[in-house]
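**Q** model33.cif is the file, holding mmCIF, C-alpha atoms and all ligand atoms:
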data_protein
#
loop_
_atom_site.label_atom_id
_atom_site.label_comp_id
_atom_site.auth_asym_id
_atom_site.auth_seq_id
_atom_site.Cartn_x
_atom_site.Cartn_y
_atom_site.Cartn_z
CA MET E 1 38.93 -35.49 58.02
CA ALA E 2 36.38 -37.65 56.23
CA ASP E 3 37.48 -39.59 53.14
CA THR E 4 37.92 -37.71 49.92
CA ILE E 5 34.96 -37.97 47.54
CA ALA E 6 36.33 -38.69 44.08
CA LEU E 7 35.29 -36.64 41.06
CA GLY E 8 35.02 -39.79 38.97
CA GLN E 9 35.49 -43.48 39.69
CA PRO E 10 35.30 -46.59 37.53
CA THR E 11 33.06 -49.47 38.61
CA VAL E 12 35.11 -52.64 38.12
CA GLY E 13 35.44 -55.91 40.01
CA ASP E 14 35.40 -59.68 39.76
CA GLU E 15 33.44 -59.68 36.50
CA GLU E 16 36.20 -57.70 34.79
CA LEU E 17 38.92 -59.90 36.36
CA ASP E 18 37.12 -63.02 35.09
CA ALA E 19 36.91 -61.46 31.65
CA ILE E 20 40.66 -60.78 31.64
CA ARG E 21 41.32 -64.38 32.70
CA ALA E 22 39.20 -65.60 29.79
CA VAL E 23 41.32 -63.52 27.39
CA PHE E 24 44.51 -65.01 28.89
CA ASP E 25 43.03 -68.45 28.30
CA SER E 26 42.19 -67.59 24.69
CA GLY E 27 45.88 -67.01 23.97
CA TRP E 28 45.07 -63.90 21.89
CA LEU E 29 46.02 -60.81 23.90
CA SER E 30 46.84 -58.35 21.14
CA GLY E 31 44.23 -56.33 19.28
CA ALA E 32 41.68 -57.16 16.59
CA GLY E 33 41.36 -60.73 17.87
CA PRO E 34 38.38 -62.87 18.80
CA THR E 35 37.53 -60.92 21.97
CA CYS E 36 37.58 -57.64 20.04
CA GLN E 37 35.26 -59.26 17.51
CA SER E 38 32.85 -60.25 20.28
CA PHE E 39 32.98 -56.78 21.76
CA GLU E 40 32.39 -55.16 18.38
CA ALA E 41 29.35 -57.35 17.73
CA ARG E 42 27.94 -56.59 21.19
CA PHE E 43 28.58 -52.87 20.86
CA ALA E 44 27.05 -52.65 17.38
CA ALA E 45 23.96 -54.37 18.80
CA GLU E 46 23.93 -52.00 21.79
CA VAL E 47 24.03 -48.96 19.50
CA SER E 48 20.88 -49.96 17.66
CA GLY E 49 20.60 -48.17 14.35
CA THR E 50 24.23 -48.79 13.40
CA ASP E 51 25.47 -51.99 11.84
CA HIS E 52 29.22 -51.57 12.31
CA ALA E 53 31.44 -51.04 15.32
CA LEU E 54 35.24 -50.92 15.32
CA ALA E 55 37.17 -51.22 18.60
CA THR E 56 39.99 -48.67 18.83
CA SER E 57 42.79 -47.67 21.19
CA ASN E 58 40.91 -44.55 22.32
CA CYS E 59 38.44 -41.93 21.11
CA GLY E 60 41.15 -39.71 19.62
CA SER E 61 42.22 -42.52 17.28
CA ALA E 62 38.58 -43.22 16.39
CA LEU E 63 38.09 -39.53 15.56
CA HIS E 64 41.23 -39.57 13.40
CA LEU E 65 40.05 -42.71 11.59
CA GLY E 66 36.60 -41.22 11.03
CA LEU E 67 37.99 -38.00 9.60
CA SER E 68 40.47 -39.96 7.45
CA VAL E 69 37.85 -42.19 5.84
CA LEU E 70 35.50 -39.24 5.31
CA GLY E 71 38.40 -37.63 3.44
CA ALA E 72 39.28 -34.54 5.53
CA GLY E 73 42.69 -33.17 4.57
CA PRO E 74 44.84 -30.10 3.88
CA GLY E 75 42.84 -27.11 2.61
CA ASP E 76 39.61 -28.36 4.19
CA GLU E 77 37.72 -26.86 7.10
CA VAL E 78 35.72 -28.84 9.63
CA VAL E 79 33.21 -27.07 11.89
CA VAL E 80 33.58 -28.31 15.48
CA GLY E 81 31.45 -27.67 18.57
CA ASP E 82 33.73 -25.47 20.66
CA TYR E 83 33.22 -26.82 24.17
CA THR E 84 35.10 -30.11 24.25
CA PHE E 85 38.19 -32.08 25.12
CA PRO E 86 41.33 -31.41 22.98
CA ALA E 87 40.87 -34.69 21.06
CA THR E 88 38.10 -33.22 18.91
CA GLY E 89 39.99 -30.22 17.51
CA HIS E 90 43.35 -32.03 17.50
CA SER E 91 42.03 -34.90 15.38
CA VAL E 92 41.01 -32.41 12.69
CA ALA E 93 44.49 -30.85 12.84
CA TRP E 94 46.10 -34.32 12.51
CA THR E 95 44.52 -34.70 9.05
CA GLY E 96 45.90 -31.33 7.90
CA ALA E 97 42.40 -29.80 7.85
CA LYS E 98 41.52 -26.75 9.92
CA PRO E 99 39.09 -26.90 12.83
CA VAL E 100 36.67 -23.94 12.78
CA PHE E 101 34.88 -23.68 16.09
CA ALA E 102 31.19 -22.96 16.52
CA ASP E 103 29.69 -21.45 19.67
CA ILE E 104 27.49 -23.55 21.93
CA ARG E 105 23.97 -23.60 23.32
CA PRO E 106 23.91 -21.88 26.72
CA ASP E 107 21.82 -24.69 28.25
CA ILE E 108 23.30 -28.01 27.08
CA TRP E 109 26.64 -26.70 25.75
CA SER E 110 26.70 -28.62 22.45
CA ALA E 111 27.14 -26.79 19.13
CA ASP E 112 24.49 -24.14 18.51
CA PRO E 113 23.10 -25.03 15.06
CA ALA E 114 22.88 -21.35 14.01
CA SER E 115 26.53 -20.83 14.95
CA VAL E 116 27.47 -23.99 13.01
CA GLU E 117 25.74 -22.75 9.88
CA ALA E 118 27.37 -19.31 10.21
CA ALA E 119 30.83 -20.97 10.35
CA ILE E 120 30.41 -22.77 7.00
CA THR E 121 32.58 -21.53 4.11
CA PRO E 122 33.27 -22.92 0.61
CA ARG E 123 36.16 -24.90 2.18
CA THR E 124 33.97 -26.66 4.77
CA VAL E 125 33.73 -30.44 4.27
CA GLY E 126 32.01 -31.57 7.46
CA ILE E 127 30.75 -30.96 10.98
CA ILE E 128 31.72 -32.62 14.26
CA ALA E 129 29.08 -32.22 16.95
CA VAL E 130 30.06 -33.05 20.51
CA ASP E 131 27.65 -34.68 22.96
CA VAL E 132 28.89 -32.59 25.88
CA PHE E 133 29.27 -34.75 29.01
CA GLY E 134 27.26 -37.33 27.08
CA GLN E 135 24.01 -35.45 26.38
CA PRO E 136 23.40 -35.64 22.62
CA ALA E 137 23.60 -32.51 20.46
CA ASP E 138 20.81 -31.30 18.11
CA TYR E 139 21.13 -33.93 15.40
CA ASP E 140 17.91 -33.15 13.51
CA GLU E 141 18.96 -29.53 13.01
CA LEU E 142 22.60 -30.44 12.35
CA ARG E 143 21.64 -33.07 9.78
CA ALA E 144 19.47 -30.55 7.96
CA ILE E 145 22.37 -28.07 7.86
CA ALA E 146 24.80 -30.77 6.68
CA ASP E 147 22.40 -31.85 3.92
CA ARG E 148 21.75 -28.27 2.83
CA HIS E 149 25.50 -27.68 2.37
CA GLY E 150 26.54 -31.13 1.17
CA LEU E 151 28.62 -31.90 4.27
CA TRP E 152 29.19 -35.02 6.33
CA LEU E 153 28.33 -35.11 10.03
CA MET E 154 30.30 -36.78 12.83
CA GLU E 155 29.24 -37.34 16.44
CA ASP E 156 31.87 -37.10 19.17
CA ALA E 157 30.07 -39.50 21.47
CA ALA E 158 33.09 -39.93 23.77
CA CYS E 159 30.92 -39.62 26.89
CA SER E 160 27.64 -40.90 25.44
CA ALA E 161 27.46 -44.67 25.95
CA GLY E 162 23.79 -45.38 26.69
CA ALA E 163 22.50 -41.89 25.82
CA THR E 164 19.55 -41.34 23.49
CA TYR E 165 18.20 -38.54 21.29
CA LYS E 166 14.48 -38.62 20.43
CA GLY E 167 14.52 -42.35 21.13
CA ARG E 168 17.56 -43.01 18.95
CA GLN E 169 20.77 -44.34 20.42
CA ALA E 170 23.89 -42.13 20.70
CA GLY E 171 26.40 -43.49 18.21
CA SER E 172 23.74 -43.77 15.51
CA LEU E 173 23.05 -40.05 15.15
CA ALA E 174 25.59 -39.11 12.45
CA ASP E 175 27.53 -40.63 9.54
CA ILE E 176 30.24 -41.74 11.97
CA ALA E 177 30.33 -41.62 15.78
CA THR E 178 33.26 -42.12 18.15
CA PHE E 179 33.30 -43.31 21.77
CA SER E 180 35.85 -43.22 24.57
CA PHE E 181 36.36 -45.90 27.20
CA HIS E 182 38.90 -43.91 29.19
CA GLY E 183 38.74 -44.32 32.98
CA ARG E 184 36.68 -41.15 33.37
CA LYS E 185 33.88 -42.30 31.06
CA GLY E 186 30.69 -44.18 31.91
CA ILE E 187 32.07 -47.56 30.87
CA THR E 188 35.80 -48.13 30.73
CA ALA E 189 38.70 -50.44 30.05
CA GLY E 190 41.19 -47.88 31.37
CA GLU E 191 41.84 -46.74 27.82
CA GLY E 192 39.82 -47.63 24.74
CA GLY E 193 37.42 -46.38 22.12
CA ALA E 194 35.08 -47.33 19.32
CA LEU E 195 33.89 -46.05 15.98
CA THR E 196 30.33 -46.76 14.88
CA THR E 197 28.76 -46.24 11.47
CA ASN E 198 26.05 -47.61 9.27
CA ASP E 199 28.19 -47.37 6.15
CA ALA E 200 29.90 -50.68 5.33
CA ASP E 201 32.54 -49.05 3.10
CA LEU E 202 33.53 -46.45 5.70
CA ALA E 203 33.68 -49.20 8.34
CA ALA E 204 35.87 -51.42 6.18
CA HIS E 205 38.21 -48.55 5.36
CA ALA E 206 38.49 -47.51 9.02
CA ARG E 207 39.20 -51.14 9.95
CA LYS E 208 42.01 -51.30 7.44
CA LEU E 209 43.56 -47.99 8.55
CA HIS E 210 43.38 -49.02 12.21
CA THR E 211 45.79 -51.86 11.60
CA TYR E 212 48.56 -50.20 9.54
CA GLY E 213 46.58 -50.32 6.31
CA ILE E 214 46.73 -54.10 6.01
CA ALA E 215 43.93 -56.60 6.44
CA PRO E 216 43.98 -57.74 10.09
CA ALA E 217 45.81 -60.98 10.91
CA ILE E 218 42.58 -62.67 11.99
CA SER E 219 41.33 -62.48 8.40
CA ARG E 220 44.19 -64.81 7.42
CA GLU E 221 43.53 -67.36 10.20
CA GLY E 222 42.66 -70.72 8.72
CA SER E 223 44.17 -69.97 5.29
CA THR E 224 45.39 -73.06 3.50
CA ASP E 225 48.15 -71.16 1.73
CA LEU E 226 50.24 -68.14 2.69
CA PRO E 227 48.37 -64.98 1.69
CA LEU E 228 50.67 -61.98 1.28
CA PRO E 229 49.03 -58.75 2.46
CA VAL E 230 49.79 -55.62 0.47
CA PHE E 231 49.58 -52.10 1.82
CA ASP E 232 48.55 -49.19 -0.32
CA GLU E 233 47.92 -46.73 2.51
CA ALA E 234 50.05 -45.72 5.50
CA GLY E 235 47.66 -46.72 8.28
CA TYR E 236 48.16 -46.70 12.03
CA ASN E 237 48.08 -49.03 15.00
CA TYR E 238 44.81 -47.83 16.51
CA ARG E 239 43.69 -51.23 17.79
CA MET E 240 42.08 -51.98 21.11
CA SER E 241 43.83 -54.93 22.78
CA ASP E 242 41.77 -58.07 23.32
CA LEU E 243 42.47 -57.66 27.05
CA ALA E 244 40.67 -54.32 26.99
CA ALA E 245 37.89 -55.82 24.88
CA GLY E 246 37.33 -58.46 27.55
CA VAL E 247 36.95 -55.74 30.18
CA MET E 248 34.58 -53.88 27.87
CA LEU E 249 32.34 -56.94 27.51
CA ALA E 250 31.99 -57.06 31.30
CA GLN E 251 31.33 -53.31 31.36
CA LEU E 252 28.57 -53.66 28.75
CA ASP E 253 26.87 -56.16 31.08
CA ARG E 254 26.87 -53.42 33.72
CA LEU E 255 25.86 -50.53 31.46
CA GLN E 256 22.18 -50.25 32.41
CA THR E 257 22.92 -50.48 36.13
CA LEU E 258 25.66 -47.87 35.90
CA LEU E 259 23.37 -45.52 33.96
CA ALA E 260 20.58 -45.97 36.52
CA ASN E 261 23.00 -45.21 39.38
CA ARG E 262 24.22 -42.04 37.68
CA ARG E 263 20.65 -40.92 36.97
CA ARG E 264 19.85 -41.39 40.63
CA VAL E 265 22.88 -39.33 41.68
CA ALA E 266 21.83 -36.58 39.24
CA ALA E 267 18.32 -36.58 40.73
CA TRP E 268 19.70 -36.22 44.28
CA TYR E 269 21.89 -33.33 43.18
CA GLY E 270 19.02 -31.69 41.31
CA GLU E 271 16.85 -31.66 44.41
CA LEU E 272 19.53 -30.44 46.79
CA LEU E 273 20.98 -27.79 44.48
CA ALA E 274 17.59 -26.19 43.85
CA ALA E 275 17.98 -24.58 47.28
CA VAL E 276 21.56 -23.32 46.74
CA GLU E 277 22.03 -19.73 45.59
CA GLN E 278 24.61 -18.81 42.94
CA VAL E 279 24.66 -22.36 41.55
CA ALA E 280 22.69 -23.58 38.52
CA ALA E 281 22.26 -27.33 38.09
CA PRO E 282 22.87 -28.78 34.60
CA VAL E 283 19.95 -29.03 32.17
CA ALA E 284 18.80 -32.42 30.87
CA LEU E 285 16.35 -32.02 28.00
CA ASP E 286 13.17 -34.13 27.85
CA ASP E 287 13.76 -35.43 24.33
CA ARG E 288 17.12 -37.03 25.15
CA GLU E 289 18.51 -39.36 27.81
CA HIS E 290 21.53 -37.86 29.61
CA PRO E 291 24.12 -40.50 30.64
CA TRP E 292 25.71 -38.13 33.20
CA GLN E 293 29.38 -38.75 32.40
CA SER E 294 30.07 -35.62 34.47
CA TYR E 295 27.95 -33.39 36.67
CA VAL E 296 28.81 -29.78 35.92
CA VAL E 297 27.21 -26.81 37.67
CA THR E 298 27.32 -23.20 36.53
CA LEU E 299 28.40 -20.64 39.12
CA ALA E 300 26.99 -17.11 39.12
CA PRO E 301 29.36 -14.61 37.44
CA GLU E 302 30.36 -12.95 40.72
CA VAL E 303 31.53 -16.20 42.37
CA ASP E 304 35.31 -16.68 42.80
CA ARG E 305 35.49 -20.17 41.28
CA GLY E 306 39.11 -20.71 42.26
CA ALA E 307 38.30 -20.02 45.90
CA VAL E 308 35.30 -22.37 45.83
CA ALA E 309 37.38 -25.12 44.22
CA GLY E 310 40.18 -24.64 46.72
CA TYR E 311 37.76 -24.91 49.64
CA LEU E 312 36.13 -28.05 48.24
CA ARG E 313 39.47 -29.75 47.75
CA GLN E 314 40.65 -28.78 51.20
CA HIS E 315 37.50 -30.34 52.59
CA GLY E 316 37.81 -33.64 50.77
CA VAL E 317 35.58 -33.02 47.76
CA GLN E 318 37.28 -33.31 44.39
CA CYS E 319 36.21 -30.90 41.67
CA ASN E 320 37.37 -29.51 38.35
CA PHE E 321 36.52 -27.03 35.61
CA GLY E 322 34.07 -28.33 32.99
CA THR E 323 35.83 -28.93 29.69
CA TYR E 324 37.73 -26.64 27.30
CA ALA E 325 36.74 -23.63 25.21
CA SER E 326 38.74 -24.89 22.23
CA HIS E 327 38.85 -21.54 20.43
CA LEU E 328 40.88 -20.03 23.27
CA GLN E 329 43.67 -22.61 22.92
CA PRO E 330 46.68 -21.17 21.10
CA VAL E 331 47.37 -24.42 19.20
CA TYR E 332 44.48 -23.76 16.80
CA GLY E 333 45.26 -20.11 15.95
CA PHE E 334 41.53 -19.43 15.90
CA GLU E 335 40.52 -15.81 15.47
CA GLY E 336 37.08 -14.74 16.53
CA SER E 337 35.09 -14.74 19.71
CA LEU E 338 32.64 -17.38 20.92
CA PRO E 339 31.17 -15.67 23.96
CA VAL E 340 28.95 -18.44 25.33
CA SER E 341 31.73 -21.03 25.37
CA ALA E 342 34.31 -18.57 26.72
CA ASP E 343 31.98 -17.53 29.54
CA LEU E 344 31.04 -21.06 30.63
CA PHE E 345 34.68 -22.20 30.46
CA HIS E 346 35.27 -19.77 33.33
CA ARG E 347 32.10 -20.48 35.34
CA HIS E 348 31.64 -24.24 35.18
CA LEU E 349 32.52 -26.49 38.08
CA ALA E 350 32.48 -30.28 37.84
CA ILE E 351 31.55 -31.95 41.12
CA PRO E 352 31.74 -35.68 41.93
CA MET E 353 29.72 -37.93 39.61
CA HIS E 354 30.11 -41.68 39.33
CA ALA E 355 28.01 -44.79 39.71
CA ASN E 356 29.29 -45.64 43.21
CA LEU E 357 28.24 -42.42 44.98
CA THR E 358 25.88 -42.77 47.93
CA GLN E 359 23.14 -40.36 48.93
CA SER E 360 25.08 -39.29 52.02
CA GLU E 361 28.13 -38.53 49.90
CA VAL E 362 26.01 -36.41 47.57
CA GLU E 363 24.60 -34.59 50.61
CA ARG E 364 28.12 -33.96 51.86
CA VAL E 365 29.20 -32.59 48.47
CA VAL E 366 26.31 -30.12 48.41
CA ALA E 367 26.78 -29.09 52.06
CA THR E 368 30.49 -28.51 51.43
CA LEU E 369 29.68 -26.54 48.27
CA LYS E 370 27.35 -24.30 50.29
CA ASP E 371 30.09 -23.69 52.86
CA ALA E 372 32.58 -23.04 50.06
CA LEU E 373 30.30 -20.36 48.56
CA THR E 374 29.89 -18.70 51.95
CA ALA E 375 33.64 -18.77 52.52
CA ALA E 376 34.31 -17.39 49.03
CA ARG E 377 31.83 -14.53 49.59
CA SER E 378 33.54 -13.44 52.78
CA ASN E 379 37.01 -13.40 51.16
C1 LIG V 401 37.32 -37.99 26.75
C2 LIG V 401 36.97 -37.32 25.46
C3 LIG V 401 37.70 -37.54 24.28
C4 LIG V 401 38.99 -38.31 24.27
O1 LIG V 401 38.88 -39.63 24.58
P1 LIG V 401 40.21 -40.55 24.60
O2 LIG V 401 39.63 -41.92 24.67
O3 LIG V 401 40.97 -40.17 25.83
O4 LIG V 401 40.96 -40.29 23.35
C5 LIG V 401 37.26 -36.97 23.12
N1 LIG V 401 36.17 -36.18 23.07
C6 LIG V 401 35.46 -35.92 24.18
C7 LIG V 401 34.23 -35.07 24.07
C8 LIG V 401 35.84 -36.46 25.41
O5 LIG V 401 35.15 -36.17 26.52
#
Any chance you could give the structure as structure tokens?
**A**
Amino acid sequence: MADTIALGQPTVGDEELDAIRAVFDSGWLSGAGPTCQSFEARFAAEVSGTDHALATSNCGSALHLGLSVLGAGPGDEVVVGDYTFPATGHSVAWTGAKPVFADIRPDIWSADPASVEAAITPRTVGIIAVDVFGQPADYDELRAIADRHGLWLMEDAACSAGATYKGRQAGSLADIATFSFHGRKGITAGEGGALTTNDADLAAHARKLHTYGIAPAISREGSTDLPLPVFDEAGYNYRMSDLAAGVMLAQLDRLQTLLANRRRVAAWYGELLAAVEQVAAPVALDDREHPWQSYVVTLAPEVDRGAVAGYLRQHGVQCNFGTYASHLQPVYGFEGSLPVSADLFHRHLAIPMHANLTQSEVERVVATLKDALTAARSN
């Protein structure tokens, strides 16, 4: 059998190894050191429109920091776009606030602004919009809703490195945005994350909380006496290591190439899938740049998705469901129905998408998908 085509795959090589060697040579391997500082400066410049970037251990910790500095806590409600990874809803729960899920747009799967507004109660303090698979949500509409109700707005930009919305960079579209650099994302250090914001006070507070609530050690480097840090808040260790920051610097050098490769893969899929019945290709809107963290197709309601997935896997093509309908997860105790999210949770199929895919691999994925649909129909 031909080689398995991976669902996702990082693009790493000698550049990343050289970057790790440079961090070894620096002598500072732990977090919040000089390499993290370089990465933060580069990333803040990359996300034009935001002045501050904080490197974190992952996106979940960045979400938790963002919610903490915005003041979410017990008794509060936060409206969250329903179709997302567990980190989004969980991070709200970590603060003691309650996530209240909003249904999603049927085309791009981010929070439907009307559903967000309908979920607002007197207890609501903020909104988290999710850029689903990296494509930015409707920030103009969401900002207007937030302003009308006196709420803050966060952007879960976990998959969005390099994406844009109406010419503005993902990460600059809300009061605070959070990124993931997990191995399945567009740029990666294995694990990692970042928080971006334009608000210097929020950035400084998040920085303090991400290192146990004390000023980071690097701020005491070069002191002529022995400054004694005090802690007045129980912060966390949410730092990115300088080793990971080195890898991230090399990944930032690659970002535009990786995005171009993914766009090309998406274009190949779009052309080939137009001729496949029972499969709808994902929608990329004209006013935003999709970074294609994942490529997720929607199967017609009558298709046996499990059978299709089983066939693909048996024939060397990895696949998965899309992401989660959060409101269906028992951990949140959410009552109410969000029909669009629930439906797509059961009909989405993620097929291979990464920057190393070749045209012949994409052709094989689509040919195998066609065969899988035929096989599933005859079951
Ligand atoms: C991957 C992902 C996360 C979690 O990222 P980690 O870095 O693993 O914490 C959060 N939100 C969304 C939308 C994601 O896709």
**Q** Neighbours of segment 158-166 of chain E within 7 Å (all atoms listed in the file; same-chain residues fewer than 2 positions away dropped), as a VMD selection string?
**A** chain E and resid 59 131 133 to 136 156 168 to 170 178 to 180 185 to 186 287 to 291 293
**Q** Counting all atoms listed in the file, figure out which residue out of E:Ala189, E:Ala275, E:Val80, E:Leu258 gets nearest to Met240 of chain E.
**A** E:Ala189
**Q** Can you check which parts of chain E lie within 10 Å of ligand LIG 401 (chain V)? Per residue, the shortest pair of atoms and distance in Å to one decimal, counting all atoms listed in the file, sorted by chain and number, as a Markdown table.
**A**
| residue | atom | partner | partner_atom | distance |
| --- | --- | --- | --- | --- |
| E:Thr56 | CA | V:LIG401 | O2 | 8.9 |
| E:Ser57 | CA | V:LIG401 | O2 | 7.4 |
| E:Asn58 | CA | V:LIG401 | O2 | 3.8 |
| E:Cys59 | CA | V:LIG401 | O4 | 3.7 |
| E:Gly60 | CA | V:LIG401 | O4 | 3.8 |
| E:Ser61 | CA | V:LIG401 | O4 | 6.6 |
| E:Ala62 | CA | V:LIG401 | O4 | 7.9 |
| E:Leu63 | CA | V:LIG401 | C5 | 8.0 |
| E:His64 | CA | V:LIG401 | O4 | 10.0 |
| E:Gly81 | CA | V:LIG401 | C7 | 9.6 |
| E:Tyr83 | CA | V:LIG401 | C7 | 8.3 |
| E:Thr84 | CA | V:LIG401 | C7 | 5.0 |
| E:Phe85 | CA | V:LIG401 | C6 | 4.8 |
| E:Pro86 | CA | V:LIG401 | C5 | 6.9 |
| E:Ala87 | CA | V:LIG401 | C5 | 4.7 |
| E:Thr88 | CA | V:LIG401 | N1 | 5.5 |
| E:Gly89 | CA | V:LIG401 | N1 | 9.0 |
| E:His90 | CA | V:LIG401 | C5 | 9.6 |
| E:Ser91 | CA | V:LIG401 | C5 | 9.3 |
| E:Ala129 | CA | V:LIG401 | C7 | 9.2 |
| E:Val130 | CA | V:LIG401 | C7 | 5.8 |
| E:Asp131 | CA | V:LIG401 | C7 | 6.7 |
| E:Val132 | CA | V:LIG401 | C7 | 6.2 |
| E:Phe133 | CA | V:LIG401 | O5 | 6.5 |
| E:Gly134 | CA | V:LIG401 | C7 | 7.9 |
| E:Glu155 | CA | V:LIG401 | C7 | 9.4 |
| E:Asp156 | CA | V:LIG401 | C7 | 5.8 |
| E:Ala157 | CA | V:LIG401 | C7 | 6.6 |
| E:Ala158 | CA | V:LIG401 | C6 | 4.7 |
| E:Cys159 | CA | V:LIG401 | O5 | 5.5 |
| E:Ser160 | CA | V:LIG401 | C7 | 8.9 |
| E:Thr178 | CA | V:LIG401 | C5 | 8.2 |
| E:Phe179 | CA | V:LIG401 | O2 | 7.1 |
| E:Ser180 | CA | V:LIG401 | O2 | 4.0 |
| E:Phe181 | CA | V:LIG401 | O2 | 5.7 |
| E:His182 | CA | V:LIG401 | O2 | 5.0 |
| E:Gly183 | CA | V:LIG401 | O3 | 8.6 |
| E:Arg184 | CA | V:LIG401 | C1 | 7.4 |
| E:Lys185 | CA | V:LIG401 | C1 | 7.0 |
| E:Thr188 | CA | V:LIG401 | O2 | 9.5 |
| E:Gly190 | CA | V:LIG401 | O2 | 9.1 |
| E:Glu191 | CA | V:LIG401 | O2 | 6.2 |
| E:Gly192 | CA | V:LIG401 | O2 | 5.7 |
| E:Gly193 | CA | V:LIG401 | O2 | 5.6 |
| E:Ala194 | CA | V:LIG401 | O2 | 8.9 |
| E:Gln293 | CA | V:LIG401 | O5 | 8.6 |
| E:Ser294 | CA | V:LIG401 | O5 | 9.5 |
| E:Thr323 | CA | V:LIG401 | O5 | 7.9 |
| E:Tyr324 | CA | V:LIG401 | C7 | 9.7 |
**Q** Mind writing the picked residues with C-alpha atoms as a PDB file, in the frame of the given file?
**A**
ATOM      1  CA  THR E  56      39.990 -48.670  18.830  1.00  0.00           C
ATOM      2  CA  SER E  57      42.790 -47.670  21.190  1.00  0.00           C
ATOM      3  CA  ASN E  58      40.910 -44.550  22.320  1.00  0.00           C
ATOM      4  CA  CYS E  59      38.440 -41.930  21.110  1.00  0.00           C
ATOM      5  CA  GLY E  60      41.150 -39.710  19.620  1.00  0.00           C
ATOM      6  CA  SER E  61      42.220 -42.520  17.280  1.00  0.00           C
ATOM      7  CA  ALA E  62      38.580 -43.220  16.390  1.00  0.00           C
ATOM      8  CA  LEU E  63      38.090 -39.530  15.560  1.00  0.00           C
ATOM      9  CA  HIS E  64      41.230 -39.570  13.400  1.00  0.00           C
ATOM     10  CA  GLY E  81      31.450 -27.670  18.570  1.00  0.00           C
ATOM     11  CA  TYR E  83      33.220 -26.820  24.170  1.00  0.00           C
ATOM     12  CA  THR E  84      35.100 -30.110  24.250  1.00  0.00           C
ATOM     13  CA  PHE E  85      38.190 -32.080  25.120  1.00  0.00           C
ATOM     14  CA  PRO E  86      41.330 -31.410  22.980  1.00  0.00           C
ATOM     15  CA  ALA E  87      40.870 -34.690  21.060  1.00  0.00           C
ATOM     16  CA  THR E  88      38.100 -33.220  18.910  1.00  0.00           C
ATOM     17  CA  GLY E  89      39.990 -30.220  17.510  1.00  0.00           C
ATOM     18  CA  HIS E  90      43.350 -32.030  17.500  1.00  0.00           C
ATOM     19  CA  SER E  91      42.030 -34.900  15.380  1.00  0.00           C
ATOM     20  CA  ALA E 129      29.080 -32.220  16.950  1.00  0.00           C
ATOM     21  CA  VAL E 130      30.060 -33.050  20.510  1.00  0.00           C
ATOM     22  CA  ASP E 131      27.650 -34.680  22.960  1.00  0.00           C
ATOM     23  CA  VAL E 132      28.890 -32.590  25.880  1.00  0.00           C
ATOM     24  CA  PHE E 133      29.270 -34.750  29.010  1.00  0.00           C
ATOM     25  CA  GLY E 134      27.260 -37.330  27.080  1.00  0.00           C
ATOM     26  CA  GLU E 155      29.240 -37.340  16.440  1.00  0.00           C
ATOM     27  CA  ASP E 156      31.870 -37.100  19.170  1.00  0.00           C
ATOM     28  CA  ALA E 157      30.070 -39.500  21.470  1.00  0.00           C
ATOM     29  CA  ALA E 158      33.090 -39.930  23.770  1.00  0.00           C
ATOM     30  CA  CYS E 159      30.920 -39.620  26.890  1.00  0.00           C
ATOM     31  CA  SER E 160      27.640 -40.900  25.440  1.00  0.00           C
ATOM     32  CA  THR E 178      33.260 -42.120  18.150  1.00  0.00           C
ATOM     33  CA  PHE E 179      33.300 -43.310  21.770  1.00  0.00           C
ATOM     34  CA  SER E 180      35.850 -43.220  24.570  1.00  0.00           C
ATOM     35  CA  PHE E 181      36.360 -45.900  27.200  1.00  0.00           C
ATOM     36  CA  HIS E 182      38.900 -43.910  29.190  1.00  0.00           C
ATOM     37  CA  GLY E 183      38.740 -44.320  32.980  1.00  0.00           C
ATOM     38  CA  ARG E 184      36.680 -41.150  33.370  1.00  0.00           C
ATOM     39  CA  LYS E 185      33.880 -42.300  31.060  1.00  0.00           C
ATOM     40  CA  THR E 188      35.800 -48.130  30.730  1.00  0.00           C
ATOM     41  CA  GLY E 190      41.190 -47.880  31.370  1.00  0.00           C
ATOM     42  CA  GLU E 191      41.840 -46.740  27.820  1.00  0.00           C
ATOM     43  CA  GLY E 192      39.820 -47.630  24.740  1.00  0.00           C
ATOM     44  CA  GLY E 193      37.420 -46.380  22.120  1.00  0.00           C
ATOM     45  CA  ALA E 194      35.080 -47.330  19.320  1.00  0.00           C
ATOM     46  CA  GLN E 293      29.380 -38.750  32.400  1.00  0.00           C
ATOM     47  CA  SER E 294      30.070 -35.620  34.470  1.00  0.00           C
ATOM     48  CA  THR E 323      35.830 -28.930  29.690  1.00  0.00           C
ATOM     49  CA  TYR E 324      37.730 -26.640  27.300  1.00  0.00           C
TER      50      TYR E 324
END
**Q** Have a look at atom CA of Ala44 of chain E and atom CA of Tyr238 of chain E and let me know their distance in Å, one decimal.
**A**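 Separation of atom CA of Ala44 of chain E and atom CA of Tyr238 of chain E: 18.4 Å.
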**Q** Give me the residues within 12 Å of Asp343 of chain E as number ranges by chain, counting all atoms listed in the file and dropping any in the same chain fewer than 2 places off.
**A** E: 83, 103-106, 109, 298-301, 322, 324-325, 328, 337-341, 345-348
**Q** Expressed in Å to a single decimal, how great is the separation between atom CA of Asp304 of chain E and atom CA of Ala274 of chain E?
**A** 20.1 Å
**Q** Skip Val116 of chain E itself and residues of its chain fewer than 2 positions away, then list as a ChimeraX atom specification all residues within 9 Å of it, counting all atoms listed in the file.
**A** /E:79-81,101-104,111-114,118-120,127,142,145
**Q** In Å, with one decimal, what is the gap from atom CA of Phe24 of chain E to atom CA of Ala204 of chain E?
**A** 27.8 Å
